[in-house]
Every structure is written in C-alpha cells, then in structure tokens.
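Enquirer: Sharing a structure here in structure tokens format.
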Amino acid sequence: MKKSEVPQDESNLASTNLRELCYAVDENGEYTTEHTTGWDPKTIALSNAIDEIKERVALARSKVLAGETSPIEYYMELHKMDLSVLASYVGIWKWRVKRHFKPLVFRKLSKKTLQKYADIFDITIEKLQHIDT
Amino acid sequence: MKIDFTHHQSAHCENGVVSNLMKHNGFTVSEPMVFGIGSGLLFCYIPFLMVNHAPAITYRAMPGAIFNRFAKRVGVKFKREKFKNPKTAKARLDHNLEKNNPVGLQVGVYNLIYFPDEYRFHFNAHNLVVYGKQGGTYLISDPVMETVTTLTEKELEKVRFAKGAFAPKGHMYYPVAFPEELHLKKAIVKGIKHTCRDMLAPVPFVGVKGIKTIAGLIRKWPKKKGTKTANHYLGQIVRMQEEIGTGGGGFRYIYAAFLQEAGKLLGNDKLKELSSEMTEIGDLWRDFAVDASRIYRNRSTKVEIDVYDDVATQLELISNREKAFFKKLQKAV
C-alpha cells in the first residue's frame with residue numbers, strides 16, 4: 001500500500017478523535033507510517049457485528065418478557081458477554097449459570113448470588129430482577 | 001509522580017509497549033523490528049473455538065509470545081508478575097512508579113473507557129504502559145492512542161482484573177537487565193526462521209495451509225449455514241485482519257517494513273526485494289477485504305453462491321503466494 005493510498009474513510013473512530021497508525025511505502029519505496037481515520041470494508045464489518053449484538057439483546061429481552069428466560073441472559077447479551085465470560089466473572093460454573101437462565105430457578109436465587117450478578121452488571125438487585133425499571 | 005516517558009503511537013499494542021519501554025531505556029528499536037524478531041506474523045485458524053459467535057482466526061502470534069521471543073532473542077531480561085489479590089497488584093505497581101520505573105500492563109479492553117464504544121469487546125490481551133500517578137489517577141501511555149491518557153484507580157483495577165479467556169490477573173512487566181549491546185543481527189535471523197517455519201507448518205490450521213482451509217470453509221458456509229451466518233463469519237475474518245493494531249493487511253505491511261529494515265541492517269538486498277513482495281501480498285489481502293465487504297455489506301439479502309467462490313479463490317491465491325514467499329525467505333537468511 002502506498003502512503004497516498006492509506007484510506008481516510010469516515011468511521012466510528014471519529015467520535016473519539018482517534019486515528020490509527022498504518023504502515024505504507026512512500027514514493028521512494030521506503031516504509032513509513034501514516035494515520036488513518038478508517039476504512040469502509042472494516043467499518044461495515046464492525047457495524048454489522050454491532051447490529052448482530054443488538055439483535056441478540058432484543059431477542060433476549062423479548063424472551064425475558066415472555067418468561068422463557070431469566071434477566072441474567074438479557075444482561076449477559078447487553079454486556080457483549082457469552083456464557084464462559086460471564087461464568088468466569090461471577091466465579092460460578094458454566095452449567096450453574098446456564099441453570100440460572102431458567103426463570104423458575106432465577107426466582108429462587110439467594111440474595112448473595114443475585115448480588116454477585118448485580119455487581120458484575122453494575123446494577124441494583126431490583127434492576128436485575130425487573131429489566132424494565 | 002510523573003516519570004519522564006515519551007509516548008510513541010504504534011500500530012499494534014504489544015510491539016508498541018516493548019518498543020516504547022526499550023526506547024525509554026535508551027535502546028532505539030522500532031515497532032516492526034520488535035514484531036519481526038518476536039516472529040509476530042502468523043495465520044492460524046483455531047477450530048471449535050468461537051469468538052463473538054464466529055470461528056476464531058488470528059493473523060498474529062499468541063498474546064505475549066512476541067514479547068517473550070523478542071526479549072529472549074536480544075538478551076533483555078524482563079520481570080513479570082501476576083497477582084491474585086488486586087490490593088497487592090496495586091501496591092506493587094505504585095512501588096515501581098515510586099522507583100521511577102514505568103511498567104507494562106496487560107489489560108482487558110471491555111472497560112477501557114477511552115476506547116470508542118464499538119471497540120470495547122471482551123478481549124483481554126491489550127497492553128499499555130503506566131508512567132506515573134497524580135492524585136488518584138494513573139498516567140497511561142496506550143500505544144494505539146495518539147496521545148497519552150489517564151485512568152482512575154478503580155478503572156485501572158477493573159481492566160487489570162478482567163475475566164474470561166487470557167484473563168490478565170494483574171499481569172505487570174518491566175525490563176530489569178540489558179545486555180551491553182543488543183544482538184540484533186542474530187535475533188533477526190532467528191525471528192525470520194521461526195516465522196517461515198510457522199507459516200510453512202504441515203498442519204491444516206496453521207500458516208499457508210490454514211489460509212487454504214479457510215478458503216475451503218468459505219465455499220461451504222453459504223450452503224451449510226445460510227448466507228446470513230456466512231456473511232457474519234466473513235465479516236469477522238476481515239475484522240480480525242484490519243482490527244486496530246494490525247497496521248493494515250493483517251500485519252503483512254508491518255512485516256514488510258521489518259524486512260526492509262532488516263535488509264539494511266544485515267546488508268542483505270534479497271530481504272529488501274522480499275519486502276516489496278510482502279507489500280504486494282498485503283495489497284492482495286486488502287483486495288480480498290474489499291471484495292468480501294461487497295458480500296456482507298447487506299447482511300441478510302440473498303447473494304449468489306458464486307461470489308463466495310470468488311473470494312475463496314482469492315484466498316487460495318494468497319495462500320500460494322505466501323507459500324512461495326516464505327520458501328524464498330527461508331533461503332534468504
């Protein structure tokens with residue numbers, strides 16, 4: 001890639017004034033670095049991934065409202081986590097976390113366990129139990 | 001206190017931290033040099049492992065590997081510490097800062113507040129340097145940022161003790177002993193040989209064979225998983241290739257920069273030629289990304305199956321080019 005060809009497309013980096021560094025060759029074939037504000041193929045891939053997460057969050061939310069899963073799953077998706085990441089944050093085995101997704105089991109959870117989840121998601125127990133408030 | 005530390009922006013965090021710490025201690029080592037000597041270049045497909053609900057593919061060596069190999073090959077001794085208790089971790093960090101010693105830290109990205117929201121995923125192998133503390137805030141030099149930044153005590157503890165794969169566990173490192181002179185020449189040859197060996201490895205997931213495997217999978221995905229999932233996977237491949245830190249083209253450009261610098265240092269013209277060939281390969285990777293993005297631009301619309309075959313063919317071409325390239329490189333040193 002030539003230095004003059006380093007892409008300067010608009011991207012979500014602009015919101016924080018962050019520019020990335022790219023390696024490229026100058027007119028004499030020497031390697032040098034150049035800032036880039038973004039590149040479309042990458043921006044599209046990233047925003048697709050974000051949309052994907054939003055869809056997962058929306059799906060989890062509707063499942064919670066329909067009583068098919070517990071709010072833990074919703075908050076997990078909201079924090080871009082998956083089961084193993086969440087399990088290692090709360091320090092509870094994966095199969096137990098998965099069990100806590102069941103609304104019946106969730107309702108019977110102790111204060112202590114609920115607090116653990118609430119701390120991870122940085123919310124109150126009240127909010128953990130009722131995703132709408 | 002504030003340590004007199006010069007911040008240099010780099011493309012990739014791990015190389016950047018090593019390069020910045022070396023510069024701080026009076027050894028000028030560029031980022032591509034660290035990357036090349038540490039044998040950072042790779043292609044690896046990790047079967048069965050899913051990252052962000054897509055197959056895991058990496059264009060670089062394991063986190064920490066570049067750093068370890070570089071230190072070993074040039075003869076610098078690093079001290080590294082991991083902690084169970086956040087309090088001890090903080091005390092050790094403060095102790096080092098008081099001694100005027102800037103340290104490198106491994107952190108998780110998800111809670112790094114100065115990153116744009118879209119970049120905050122549960123990725124735990126980011127690196128940065130702490131070079132001081134004023135009041136309750138730490139002075140941070142994050143190599144992928146243009147300027148220095150700060151984090152409060154609480155924020156820093158959160159990122160140092162992020163959980164999940166590659167959990168940093170407060171991981172802290174700093175150089176303790178330097179050789180009188182860096183043995184760069186020997187280290188370069190070692191680094192190049194290692195990279196060639198990795199890229200030409202007779203394993204279907206690694207190196208040029210790994211690229212072929214992925215090409216084969218791209219042909220299968222639309223039929224087996226449907227176009228929506230196939231597009232998501234394809235997007236992930238491009239994201240890994242162009243994510244912050246790659247310097248573009250899946251690290252291929254940084255490697256070309258390394259070969260150029262190494263060629264000058266060793267007086268080896270062959271390496272300079274190979275550097276421009278690597279640049280061409282990097283361009284091919286970017287062409288692949290452009291064509292792939294045309295497919296996943298619309299996430300769920302129906303696309304003809306043969307467009308997937310086209311990008312797969314492109315990857316196979318890249319695989320062949322890289323195979324020839326690394327065979328030549330092996331002979332050049």
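Scheme for the structure tokens: letters A, B, ... for chains in order shown; per-chain residue numbers from 1; ligand numbers from 1 in order shown.
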Might you pull out every residue within 9 Å of Phe106 of chain A, with only C-alpha atoms counted and same-chain residues fewer than 5 positions away left off, and present them as a ChimeraX atom specification?
Expert: /A:69-72,99-101,114,129
Enquirer: If you keep N, CA and C atoms, can you produce a file of those selected residues as a PDB file, in the first residue's frame?
Expert:
```
ATOM      1  N   THR A  69     -36.850 -16.962  29.650  1.00  0.00           N
ATOM      2  CA  THR A  69     -35.505 -16.973  30.208  1.00  0.00           C
ATOM      3  C   THR A  69     -35.425 -15.922  31.306  1.00  0.00           C
ATOM      4  N   SER A  70     -34.346 -15.975  32.084  1.00  0.00           N
ATOM      5  CA  SER A  70     -34.219 -15.013  33.177  1.00  0.00           C
ATOM      6  C   SER A  70     -33.484 -13.758  32.709  1.00  0.00           C
ATOM      7  N   PRO A  71     -33.614 -12.656  33.450  1.00  0.00           N
ATOM      8  CA  PRO A  71     -32.934 -11.416  33.050  1.00  0.00           C
ATOM      9  C   PRO A  71     -31.424 -11.565  32.950  1.00  0.00           C
ATOM     10  N   ILE A  72     -30.861 -12.588  33.593  1.00  0.00           N
ATOM     11  CA  ILE A  72     -29.407 -12.746  33.537  1.00  0.00           C
ATOM     12  C   ILE A  72     -28.940 -12.886  32.093  1.00  0.00           C
ATOM     13  N   ARG A  99     -28.160 -22.725  34.317  1.00  0.00           N
ATOM     14  CA  ARG A  99     -29.360 -23.105  35.068  1.00  0.00           C
ATOM     15  C   ARG A  99     -30.069 -21.849  35.578  1.00  0.00           C
ATOM     16  N   HIS A 100     -29.268 -20.850  35.915  1.00  0.00           N
ATOM     17  CA  HIS A 100     -29.866 -19.601  36.411  1.00  0.00           C
ATOM     18  C   HIS A 100     -30.625 -18.857  35.317  1.00  0.00           C
ATOM     19  N   PHE A 101     -30.469 -19.272  34.087  1.00  0.00           N
ATOM     20  CA  PHE A 101     -31.252 -18.675  32.998  1.00  0.00           C
ATOM     21  C   PHE A 101     -32.719 -19.099  33.089  1.00  0.00           C
ATOM     22  N   LEU A 114     -27.634 -13.201  43.788  1.00  0.00           N
ATOM     23  CA  LEU A 114     -28.173 -12.095  42.988  1.00  0.00           C
ATOM     24  C   LEU A 114     -27.219 -10.904  43.032  1.00  0.00           C
ATOM     25  N   GLN A 129     -33.776  -7.894  38.700  1.00  0.00           N
ATOM     26  CA  GLN A 129     -34.990  -8.718  38.676  1.00  0.00           C
ATOM     27  C   GLN A 129     -36.025  -8.207  37.691  1.00  0.00           C
TER      28      GLN A 129
END
```
Enquirer: Can you tell me which residues surround Leu83 of chain A at a distance of at most 9 Å, considering only C-alpha atoms, apart from same-chain residues fewer than 2 positions away, and format the answer as a PDB file with C-alpha atoms, in the first residue's frame?
Expert:
```pdb
ATOM      1  CA  GLU A  73     -29.302 -13.832  29.924  1.00  0.00           C
ATOM      2  CA  MET A  76     -25.221 -11.010  29.591  1.00  0.00           C
ATOM      3  CA  MET A  81     -20.627 -11.466  27.064  1.00  0.00           C
ATOM      4  CA  VAL A  85     -17.064 -14.919  30.051  1.00  0.00           C
ATOM      5  CA  LEU A  86     -19.998 -14.387  32.402  1.00  0.00           C
ATOM      6  CA  ALA A  87     -19.216 -17.580  34.316  1.00  0.00           C
ATOM      7  CA  SER A  88     -15.630 -16.536  34.923  1.00  0.00           C
ATOM      8  CA  LYS A  94     -20.999 -22.543  33.469  1.00  0.00           C
ATOM      9  CA  VAL A  97     -25.038 -20.049  35.289  1.00  0.00           C
ATOM     10  CA  LYS A  98     -26.965 -21.712  32.499  1.00  0.00           C
TER      11      LYS A  98
END
```
Enquirer: So what do you get for atom CA of Ile237 of chain B versus atom CA of Glu20 of chain A, distance-wise?
Expert: 19.2 Å
Enquirer: What is the distance, in Å and to one decimal place, between atom CA of Pro47 of chain B and atom CA of Gly216 of chain B?
Expert: 13.6 Å
Enquirer: Quick one: everything within 8 Å of segment 45-50 of chain A, counting only C-alpha atoms, minus sequence neighbours fewer than 2 positions away in the same chain. Send it as an MDAnalysis selection string.
Expert: (chainID A and resid 41:43 52:54) or (chainID B and resid 118 232 235:236 238:239 293 296:297 299)
Enquirer: Compile the residues of chain B that lie within 8 Å of chain A, evaluated using only C-alpha atoms, and express the compilation as number ranges by chain.
Expert: B: 9-11, 114-116, 118, 121-122, 144-146, 162-165, 232, 235-236, 238-239, 242-248, 253-254, 257, 260, 279-280, 282-283, 289-290, 292-294, 296-297, 299
Enquirer: So how many Å separate atom CA of Lys133 of chain B and atom CA of Asp94 of chain B, to one decimal?
Expert: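 Between these atoms lies a distance of 8.0 Å.
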Enquirer: Contacts of segment 28-42 of chain B at 8 Å or less, counting only C-alpha atoms, minus same-chain residues fewer than 6 places along, as a PyMOL selection string?
Expert: chain B and resi 10+15-16+18-19+22+58-61+65-70+73+187-192+194-195+198-199+206-207+251-252+254-255+257-259+261-262
Enquirer: Please, could you write that set of residues out with N, CA and C atoms as a short mmCIF file (atom, residue, chain, number, x, y, z; two decimals), in the first residue's frame?
Expert:
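Generated output (selection_19.cif):
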```cif
data_model
loop_
_atom_site.label_atom_id
_atom_site.label_comp_id
_atom_site.auth_asym_id
_atom_site.auth_seq_id
_atom_site.Cartn_x
_atom_site.Cartn_y
_atom_site.Cartn_z
N SER B 10 1.86 3.47 18.08
CA SER B 10 2.24 2.35 17.24
C SER B 10 0.99 1.72 16.67
N ASN B 15 3.78 -4.83 20.36
CA ASN B 15 5.05 -4.30 19.83
C ASN B 15 5.32 -2.92 20.39
N GLY B 16 4.24 -2.13 20.45
CA GLY B 16 4.36 -0.73 20.84
C GLY B 16 4.88 -0.60 22.26
N VAL B 18 6.61 -2.81 24.02
CA VAL B 18 8.01 -3.26 24.08
C VAL B 18 8.92 -2.18 23.49
N SER B 19 8.53 -1.67 22.31
CA SER B 19 9.36 -0.66 21.66
C SER B 19 9.47 0.60 22.51
N MET B 22 11.72 -0.05 25.53
CA MET B 22 13.12 -0.13 25.12
C MET B 22 13.66 1.27 24.86
N THR B 58 -6.70 -15.90 13.63
CA THR B 58 -5.77 -14.86 14.03
C THR B 58 -4.68 -14.69 12.98
N TYR B 59 -4.18 -13.48 12.87
CA TYR B 59 -3.13 -13.17 11.91
C TYR B 59 -1.80 -12.96 12.60
N ARG B 60 -1.77 -13.21 13.92
CA ARG B 60 -0.57 -12.92 14.68
C ARG B 60 -0.32 -14.02 15.71
N ALA B 61 0.86 -13.98 16.31
CA ALA B 61 1.21 -14.98 17.32
C ALA B 61 0.39 -14.75 18.58
N ALA B 65 3.55 -13.80 23.17
CA ALA B 65 4.60 -14.57 22.50
C ALA B 65 5.63 -13.65 21.85
N ILE B 66 5.14 -12.60 21.18
CA ILE B 66 6.05 -11.67 20.51
C ILE B 66 7.03 -11.11 21.53
N PHE B 67 6.45 -10.69 22.64
CA PHE B 67 7.19 -10.09 23.72
C PHE B 67 8.25 -11.04 24.29
N ASN B 68 7.83 -12.28 24.59
CA ASN B 68 8.76 -13.26 25.15
C ASN B 68 9.92 -13.56 24.21
N ARG B 69 9.55 -13.80 22.94
CA ARG B 69 10.60 -14.18 21.98
C ARG B 69 11.56 -13.03 21.76
N PHE B 70 11.03 -11.82 21.67
CA PHE B 70 11.89 -10.67 21.45
C PHE B 70 12.89 -10.55 22.59
N ARG B 73 15.52 -13.26 22.48
CA ARG B 73 16.45 -13.24 21.35
C ARG B 73 17.43 -12.09 21.40
N ALA B 187 19.40 -12.06 16.24
CA ALA B 187 17.99 -12.15 16.62
C ALA B 187 17.09 -12.08 15.39
N ILE B 188 17.47 -11.23 14.42
CA ILE B 188 16.65 -11.09 13.21
C ILE B 188 16.57 -12.42 12.47
N VAL B 189 17.74 -13.05 12.29
CA VAL B 189 17.76 -14.32 11.57
C VAL B 189 16.90 -15.36 12.28
N LYS B 190 17.04 -15.41 13.61
CA LYS B 190 16.23 -16.35 14.39
C LYS B 190 14.75 -16.08 14.20
N GLY B 191 14.39 -14.80 14.27
CA GLY B 191 12.99 -14.42 14.14
C GLY B 191 12.43 -14.82 12.79
N ILE B 192 13.20 -14.55 11.73
CA ILE B 192 12.72 -14.86 10.37
C ILE B 192 12.54 -16.36 10.21
N HIS B 194 11.96 -18.60 12.41
CA HIS B 194 10.81 -19.08 13.16
C HIS B 194 9.50 -18.81 12.40
N THR B 195 9.39 -17.59 11.86
CA THR B 195 8.18 -17.24 11.12
C THR B 195 7.99 -18.15 9.90
N ASP B 198 6.74 -21.50 11.01
CA ASP B 198 5.32 -21.46 11.37
C ASP B 198 4.43 -21.41 10.15
N MET B 199 4.78 -20.53 9.22
CA MET B 199 3.90 -20.31 8.07
C MET B 199 3.87 -21.51 7.14
N VAL B 206 -2.68 -24.03 10.35
CA VAL B 206 -1.67 -23.00 10.57
C VAL B 206 -1.04 -22.57 9.26
N GLY B 207 -0.65 -21.30 9.20
CA GLY B 207 0.14 -20.80 8.09
C GLY B 207 -0.58 -20.87 6.76
N PHE B 251 -1.25 -7.45 9.37
CA PHE B 251 0.14 -7.40 9.82
C PHE B 251 1.15 -7.56 8.68
N ARG B 252 0.67 -7.78 7.45
CA ARG B 252 1.64 -8.02 6.37
C ARG B 252 2.49 -6.80 6.09
N ILE B 254 3.42 -4.42 8.30
CA ILE B 254 4.43 -4.26 9.36
C ILE B 254 5.59 -5.22 9.08
N TYR B 255 5.23 -6.42 8.64
CA TYR B 255 6.29 -7.40 8.39
C TYR B 255 7.17 -6.95 7.24
N ALA B 257 7.77 -3.90 6.45
CA ALA B 257 8.61 -2.83 6.99
C ALA B 257 9.79 -3.42 7.76
N PHE B 258 9.51 -4.51 8.47
CA PHE B 258 10.58 -5.19 9.21
C PHE B 258 11.64 -5.74 8.25
N LEU B 259 11.18 -6.39 7.16
CA LEU B 259 12.13 -6.98 6.22
C LEU B 259 13.01 -5.91 5.59
N GLU B 261 13.87 -3.00 6.96
CA GLU B 261 14.83 -2.54 7.96
C GLU B 261 15.91 -3.59 8.19
N ALA B 262 15.48 -4.85 8.24
CA ALA B 262 16.43 -5.95 8.47
C ALA B 262 17.41 -6.05 7.30
#
```
Enquirer: Counting only C-alpha atoms, figure out which residue out of A:Asp122, A:Leu128, A:Trp93, A:Lys111 gets nearest to Val64 of chain A.
Expert: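 Result for the nearest residue to Val64 of chain A: A:Leu128.
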Enquirer: Skipping near chain neighbours, those fewer than 6 positions away, what residues fall within 9 Å of Val107 of chain B using only C-alpha atoms, listed as a PyMOL selection string?
Expert: chain B and resi 123-128+156+158-162+167-171
Enquirer: Go ahead and save the picked residues with N, CA, C and O atoms, as a JSON list (two decimals), in the first residue's frame.
Expert:
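File result22.json, as written:
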```
[["chain", "number", "residue", "atom", "x", "y", "z"],
["B", 123, "PHE", "N", -11.91, -8.60, 25.13],
["B", 123, "PHE", "CA", -10.62, -9.05, 24.64],
["B", 123, "PHE", "C", -9.58, -8.68, 25.68],
["B", 123, "PHE", "O", -9.46, -7.51, 26.06],
["B", 124, "ASN", "N", -8.85, -9.68, 26.18],
["B", 124, "ASN", "CA", -8.05, -9.45, 27.38],
["B", 124, "ASN", "C", -6.56, -9.32, 27.16],
["B", 124, "ASN", "O", -5.80, -9.33, 28.10],
["B", 125, "ALA", "N", -6.13, -9.22, 25.92],
["B", 125, "ALA", "CA", -4.68, -9.20, 25.71],
["B", 125, "ALA", "C", -4.21, -7.87, 25.15],
["B", 125, "ALA", "O", -3.41, -7.81, 24.25],
["B", 126, "HIS", "N", -4.77, -6.79, 25.70],
["B", 126, "HIS", "CA", -4.30, -5.48, 25.30],
["B", 126, "HIS", "C", -3.15, -5.07, 26.22],
["B", 126, "HIS", "O", -3.08, -5.54, 27.35],
["B", 127, "ASN", "N", -2.25, -4.23, 25.73],
["B", 127, "ASN", "CA", -1.10, -3.82, 26.54],
["B", 127, "ASN", "C", -0.98, -2.31, 26.60],
["B", 127, "ASN", "O", -1.27, -1.63, 25.61],
["B", 128, "LEU", "N", -0.55, -1.80, 27.73],
["B", 128, "LEU", "CA", -0.31, -0.37, 27.84],
["B", 128, "LEU", "C", 0.79, -0.13, 28.88],
["B", 128, "LEU", "O", 1.20, -1.04, 29.59],
["B", 156, "LEU", "N", -8.55, 1.33, 36.55],
["B", 156, "LEU", "CA", -7.38, 0.51, 36.23],
["B", 156, "LEU", "C", -7.51, -0.87, 36.86],
["B", 156, "LEU", "O", -7.17, -1.87, 36.24],
["B", 158, "LYS", "N", -10.20, -2.50, 37.40],
["B", 158, "LYS", "CA", -11.19, -3.23, 36.61],
["B", 158, "LYS", "C", -10.57, -3.86, 35.37],
["B", 158, "LYS", "O", -10.82, -5.02, 35.06],
["B", 159, "VAL", "N", -9.77, -3.09, 34.65],
["B", 159, "VAL", "CA", -9.20, -3.63, 33.41],
["B", 159, "VAL", "C", -8.07, -4.61, 33.70],
["B", 159, "VAL", "O", -7.84, -5.55, 32.94],
["B", 160, "ARG", "N", -7.37, -4.42, 34.84],
["B", 160, "ARG", "CA", -6.28, -5.35, 35.16],
["B", 160, "ARG", "C", -6.83, -6.69, 35.60],
["B", 160, "ARG", "O", -6.16, -7.70, 35.49],
["B", 161, "PHE", "N", -8.03, -6.68, 36.16],
["B", 161, "PHE", "CA", -8.61, -7.93, 36.63],
["B", 161, "PHE", "C", -9.85, -8.31, 35.83],
["B", 161, "PHE", "O", -10.83, -8.80, 36.36],
["B", 162, "ALA", "N", -9.79, -8.05, 34.53],
["B", 162, "ALA", "CA", -10.85, -8.50, 33.64],
["B", 162, "ALA", "C", -10.83, -10.02, 33.62],
["B", 162, "ALA", "O", -9.79, -10.64, 33.85],
["B", 167, "ALA", "N", -7.33, -14.07, 30.79],
["B", 167, "ALA", "CA", -7.51, -13.12, 31.88],
["B", 167, "ALA", "C", -6.15, -12.60, 32.35],
["B", 167, "ALA", "O", -5.25, -13.39, 32.61],
["B", 168, "PRO", "N", -5.98, -11.27, 32.42],
["B", 168, "PRO", "CA", -4.64, -10.73, 32.71],
["B", 168, "PRO", "C", -4.15, -10.97, 34.12],
["B", 168, "PRO", "O", -2.95, -11.00, 34.37],
["B", 169, "LYS", "N", -5.05, -11.14, 35.10],
["B", 169, "LYS", "CA", -4.67, -11.34, 36.50],
["B", 169, "LYS", "C", -3.64, -10.31, 36.97],
["B", 169, "LYS", "O", -2.64, -10.63, 37.59],
["B", 170, "GLY", "N", -3.86, -9.08, 36.58],
["B", 170, "GLY", "CA", -2.99, -8.00, 37.04],
["B", 170, "GLY", "C", -1.59, -8.03, 36.44],
["B", 170, "GLY", "O", -0.70, -7.33, 36.91],
["B", 171, "HIS", "N", -1.39, -8.84, 35.42],
["B", 171, "HIS", "CA", -0.08, -9.04, 34.80],
["B", 171, "HIS", "C", 0.69, -7.73, 34.57],
["B", 171, "HIS", "O", 0.20, -6.83, 33.91]]
```
Enquirer: Determine, counting only C-alpha atoms, which protein, DNA and RNA residues have an atom within 9 Å of an atom of Val76 of chain B; residues of the same chain fewer than 6 positions away are not included. Present the result as a ChimeraX atom specification.
Expert: /B:70,175-179,182
Enquirer: Per DSSP on the backbone, filter chain A down to the residues in strand (DSSP E or B) and report them as a tab-separated table (two decimals) with N, CA, C and O atoms, in the first residue's frame.
Expert:
```tsv
chain	number	residue	atom	x	y	z
A	2	LYS	N	0.58	2.16	-0.89
A	2	LYS	CA	1.34	3.41	-0.93
A	2	LYS	C	0.80	4.36	0.13
A	2	LYS	O	-0.36	4.30	0.51
A	8	GLN	N	-8.84	7.09	4.08
A	8	GLN	CA	-9.29	8.08	5.06
A	8	GLN	C	-10.81	8.14	5.06
A	8	GLN	O	-11.41	9.20	4.92
A	20	GLU	N	-5.87	5.70	13.70
A	20	GLU	CA	-4.99	4.54	13.79
A	20	GLU	C	-3.74	4.76	12.96
A	20	GLU	O	-3.71	5.59	12.07
A	21	LEU	N	-2.75	3.94	13.25
A	21	LEU	CA	-1.50	4.02	12.52
A	21	LEU	C	-1.44	2.88	11.50
A	21	LEU	O	-1.78	1.76	11.80
A	22	CYS	N	-1.03	3.22	10.27
A	22	CYS	CA	-0.88	2.22	9.23
A	22	CYS	C	0.55	2.24	8.73
A	22	CYS	O	1.20	3.27	8.77
A	23	TYR	N	1.01	1.11	8.24
A	23	TYR	CA	2.33	1.08	7.61
A	23	TYR	C	2.15	1.12	6.10
A	23	TYR	O	1.31	0.42	5.56
A	24	ALA	N	2.92	1.99	5.42
A	24	ALA	CA	2.79	2.13	3.98
A	24	ALA	C	4.12	2.60	3.41
A	24	ALA	O	4.99	3.08	4.14
A	25	VAL	N	4.27	2.46	2.09
A	25	VAL	CA	5.53	2.88	1.46
A	25	VAL	C	5.38	4.26	0.84
A	25	VAL	O	4.33	4.59	0.29
A	31	TYR	N	9.54	2.30	3.79
A	31	TYR	CA	8.40	2.15	4.68
A	31	TYR	C	8.29	3.31	5.67
A	31	TYR	O	9.28	3.80	6.19
A	32	THR	N	7.08	3.74	5.89
A	32	THR	CA	6.83	4.82	6.83
A	32	THR	C	5.44	4.59	7.43
A	32	THR	O	4.76	3.64	7.07
A	33	THR	N	5.05	5.43	8.37
A	33	THR	CA	3.72	5.25	8.96
A	33	THR	C	2.82	6.40	8.56
A	33	THR	O	3.28	7.50	8.26
A	34	GLU	N	1.54	6.14	8.55
A	34	GLU	CA	0.56	7.16	8.19
A	34	GLU	C	-0.69	6.93	9.02
A	34	GLU	O	-1.06	5.79	9.29
A	35	HIS	N	-1.32	8.02	9.43
A	35	HIS	CA	-2.57	7.89	10.18
A	35	HIS	C	-3.73	7.57	9.25
A	35	HIS	O	-3.73	7.97	8.10
A	36	THR	N	-4.70	6.84	9.78
A	36	THR	CA	-5.90	6.59	9.00
A	36	THR	C	-7.12	6.87	9.87
A	36	THR	O	-7.11	6.59	11.06
A	38	GLY	N	-10.05	5.60	9.05
A	38	GLY	CA	-10.93	4.45	8.94
A	38	GLY	C	-10.97	3.93	7.52
A	38	GLY	O	-10.46	4.56	6.60
```
Enquirer: Between B:Val311, B:Ile214, B:Val74, B:Leu284, single out the one closest to Glu181 of chain B, counting only C-alpha atoms.
Expert: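 Nearest candidate to Glu181 of chain B out of B:Val311, B:Ile214, B:Val74, B:Leu284: B:Val74.
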